[in-house]
Every structure is written in C-alpha cells, then in structure tokens.
Amino acid sequence: MQQIFTFIFKNSNRLLFLLLLGISLSLTIQSHSFHRSKVISSANFMSGGVYEKLSEFDEYLNLKSQNEALAQENATLKSLLFNRKDSTVVAKLDSIKGVKPTDIIVSKVIHNSYNVHENYLTLNSGELQGVKPDMGVINSLGIVGIVDNTSPRYATVISILNKKSQINAKVKKSNHFGSLIWNGKSTGFVQLIDVPRLASVRKGDTIVTGGQSVIFPENINIGTIDKVYIDNETNYYTLDIKLFNDMTNLGHVYIIKGKDRQEIMNLEKREEDE
C-alpha cells in the first residue's frame with residue numbers, strides 16, 4: 001500500500017494531466033456530433049477486428065453444430081425446390097419477400113450479446129460493402145435487428161433483444177398491427193403490444209413484420225404467439241411471441257437495403273411541415 005501511495009505522489013503531475021486530458025476529450029466528444037461519430041466509427045473498426053478473430057476461433061469449436069444447421073437448411077431448400085410445379089425453375093435469393101439480390105448484403109455475426117437489457121451484434125460488413133445505419137438484418141428464420149453504426153469493414157446492430165428496439169409487426173392471419181418490443185426477461189421471447197381487442201388472436205398464430213415498416217419488407221417471419229394478455233392501462237392486447245430464431249446462436253445474416261426509406265421519410269416530413 002505504501003508503494004502505491006509513493007508512486008501516486010511521485011507521478012501526481014502526470015496523473016493529473018492524464019485525468020484532465022481524459023475529461024476534456026470526453027466533453028469534446030459528447031458536445032460535438034462530428035467527433036462523436038468519428039470515435040464510434042473508430043471503436044467499431046478496432047473492436048470489429050478483435051471480435052472477428054474471436055468469432056473464427058469460436059466457429060472452429062462449433063463446426064459440428066454449424067454443419068447440422070446448414071444440412072437442415074439445405075434440406076428445407078431442396079424440399080421447396082422439389083415441390084415446385086416447375087422443377088426446372090431454380091429458386092433465387094429474391095424469394096425473400098420480393099427483395100432483389102442486389103439489395104441484399106450477406107454478412108456474418110462476429111459478436112453477439114444477449115444477456116443484458118441493451119444487446120448489440122457486430123457484423124463483418126461495413127461501409128465498403130454498402131452497409132448503412134437503419135438497414136434491416138434478417139436470416140433464414142426471421143428478423144435479427146437493425147443496423148446502428150458502421151465503420152469501413154464492420155457494423156453494429158441493435159438486436160431485437162434490446163429494450164430500445166421497437167419494430168412494426170402484425171398478426172399474419174388478420175393483419176392487425178402492433179409494436180414489437182422486448183421486456184428484457186427471456187432471450188426466446190419478445191412482446192407485441194398495442195394490438196386492438198377486436199383482433200382475433202390465438203396461441204400458435206404467426207407474427208410477421210408489418211407493412212408500416214420502412215426498414216423491413218412486409219411478412220418477414222418473427223415468431224408465434226405463446227401467451228395473450230390484456231393491458232389494464234390501455235385495454236389492448238399484449239402478446240408474448242416465441243421467436244423462430246435462437247438469438248443466442250446466430251451465424252450468417254442478410255442485410256437489406258431499404259432503398260425507398262429515405263423517399264418515404266422525406267415525403268412524410270413534407271406532410272408534417274405543411
């Protein structure tokens with residue numbers, strides 16, 4: 001303990017300088033959006049490289065489970081192909097609800113948090129591949145999240161397991177809309193709130209993305225209804241949704257370019273200003 005005090009006393013000027021420097025940099029970053037965006041981008045770049053190396057090691061340890069998942073997905077695709085009326089027509093990637101292949105970026109999850117209230121993912125694709133904030137991220141089973149920040153080669157994604165996440169979704173059979181959120185309790189379930197009481201909902205009904213979303217295409221899978229509640233304050237339904245995705249085990253994903261998003265937002269802003 002005496003040695004620690006001696007070290008602090010001998011280097012008090014340097015330590016004070018470093019403390020004041022850290023405070024000044026923090027205040028500069030917080031008060032200027034340009035500096036803040038540069039710091040976030042640099043942090044994404046550095047952490048992305050570390051996460052990519054860790055992901056490669058983890059991927060090596062999980063080759064068996066990955067191979068099983070790929071085999072299952074291949075079997076599903078073959079089943080769809082063989083059950084087509086015209087078996088000579090090969091299904092293309094644009095079968096994702098009408099999205100063109102040129103509007104899809106294939107990427108890989110190299111870091112995934114799911115044990116806190118505000119969870120994020122890191123992808124090994126960034127600005128160089130055309131990734132931008134507010135793009136939707138899905139995989140073969142359903143939605144994953146929304147791109148938050150980007151660097152040249154990496155991107156961070158707000159997971160659907162994030163209490164700040166709010167996505168337009170609907171009951172597939174009836175088209176009744178609500179807002180998809182996460183209550184922070186279970187990695188296997190999210191909640192659809194503000195569903196009108198006149199909606200016919202049952203356990204097992206499928207929930208998909210809604211047509212009011214400017215980020216996700218309509219009818220992307222999310223999950224099935226597990227429980228139905230009535231919110232005493234709003235008198236609307238709250239639905240517990242069992243996810244199709246295992247959010248604790250994500251591999252390759254698709255980033256969807258929302259090419260019409262900016263046009264829609266500009267049009268709506270023009271209406272508000274008039």
# chains A, B, ... in the order shown; residues from 1 in each chain; ligands from 1

call {"tool": "closest_atom_pairs", "arguments": {"of": "segment 129-158 of chain A", "to": "segment 97-117 of chain A", "cutoff": "9 Å", "atoms": "only C-alpha atoms", "output": "CSV"}}
result
residue,atom,partner,partner_atom,distance
A:Gln129,CA,A:Ile105,CA,7.5
A:Gly130,CA,A:Ile105,CA,7.9
A:Val131,CA,A:Ile105,CA,7.8

call {"tool": "closest_residue", "arguments": {"among": "A:Met247, A:Ile207, A:Leu198, A:Ile241", "to": "Ile160 of chain A", "atoms": "only C-alpha atoms"}}
result
A:Met247

call {"tool": "closest_residue", "arguments": {"among": "A:Asn11, A:Thr209, A:Thr234, A:Asn124", "to": "Ile193 of chain A", "atoms": "only C-alpha atoms"}}
result
A:Thr234

call {"tool": "closest_residue", "arguments": {"among": "A:Leu121, A:Val214, A:Val201, A:Ile230", "to": "Thr248 of chain A", "atoms": "only C-alpha atoms"}}
result
A:Leu121

call {"tool": "atom_distance", "arguments": {"atom1": "atom CA of Asp226 of chain A", "atom2": "atom CA of Ser186 of chain A"}}
result
12.9 Å
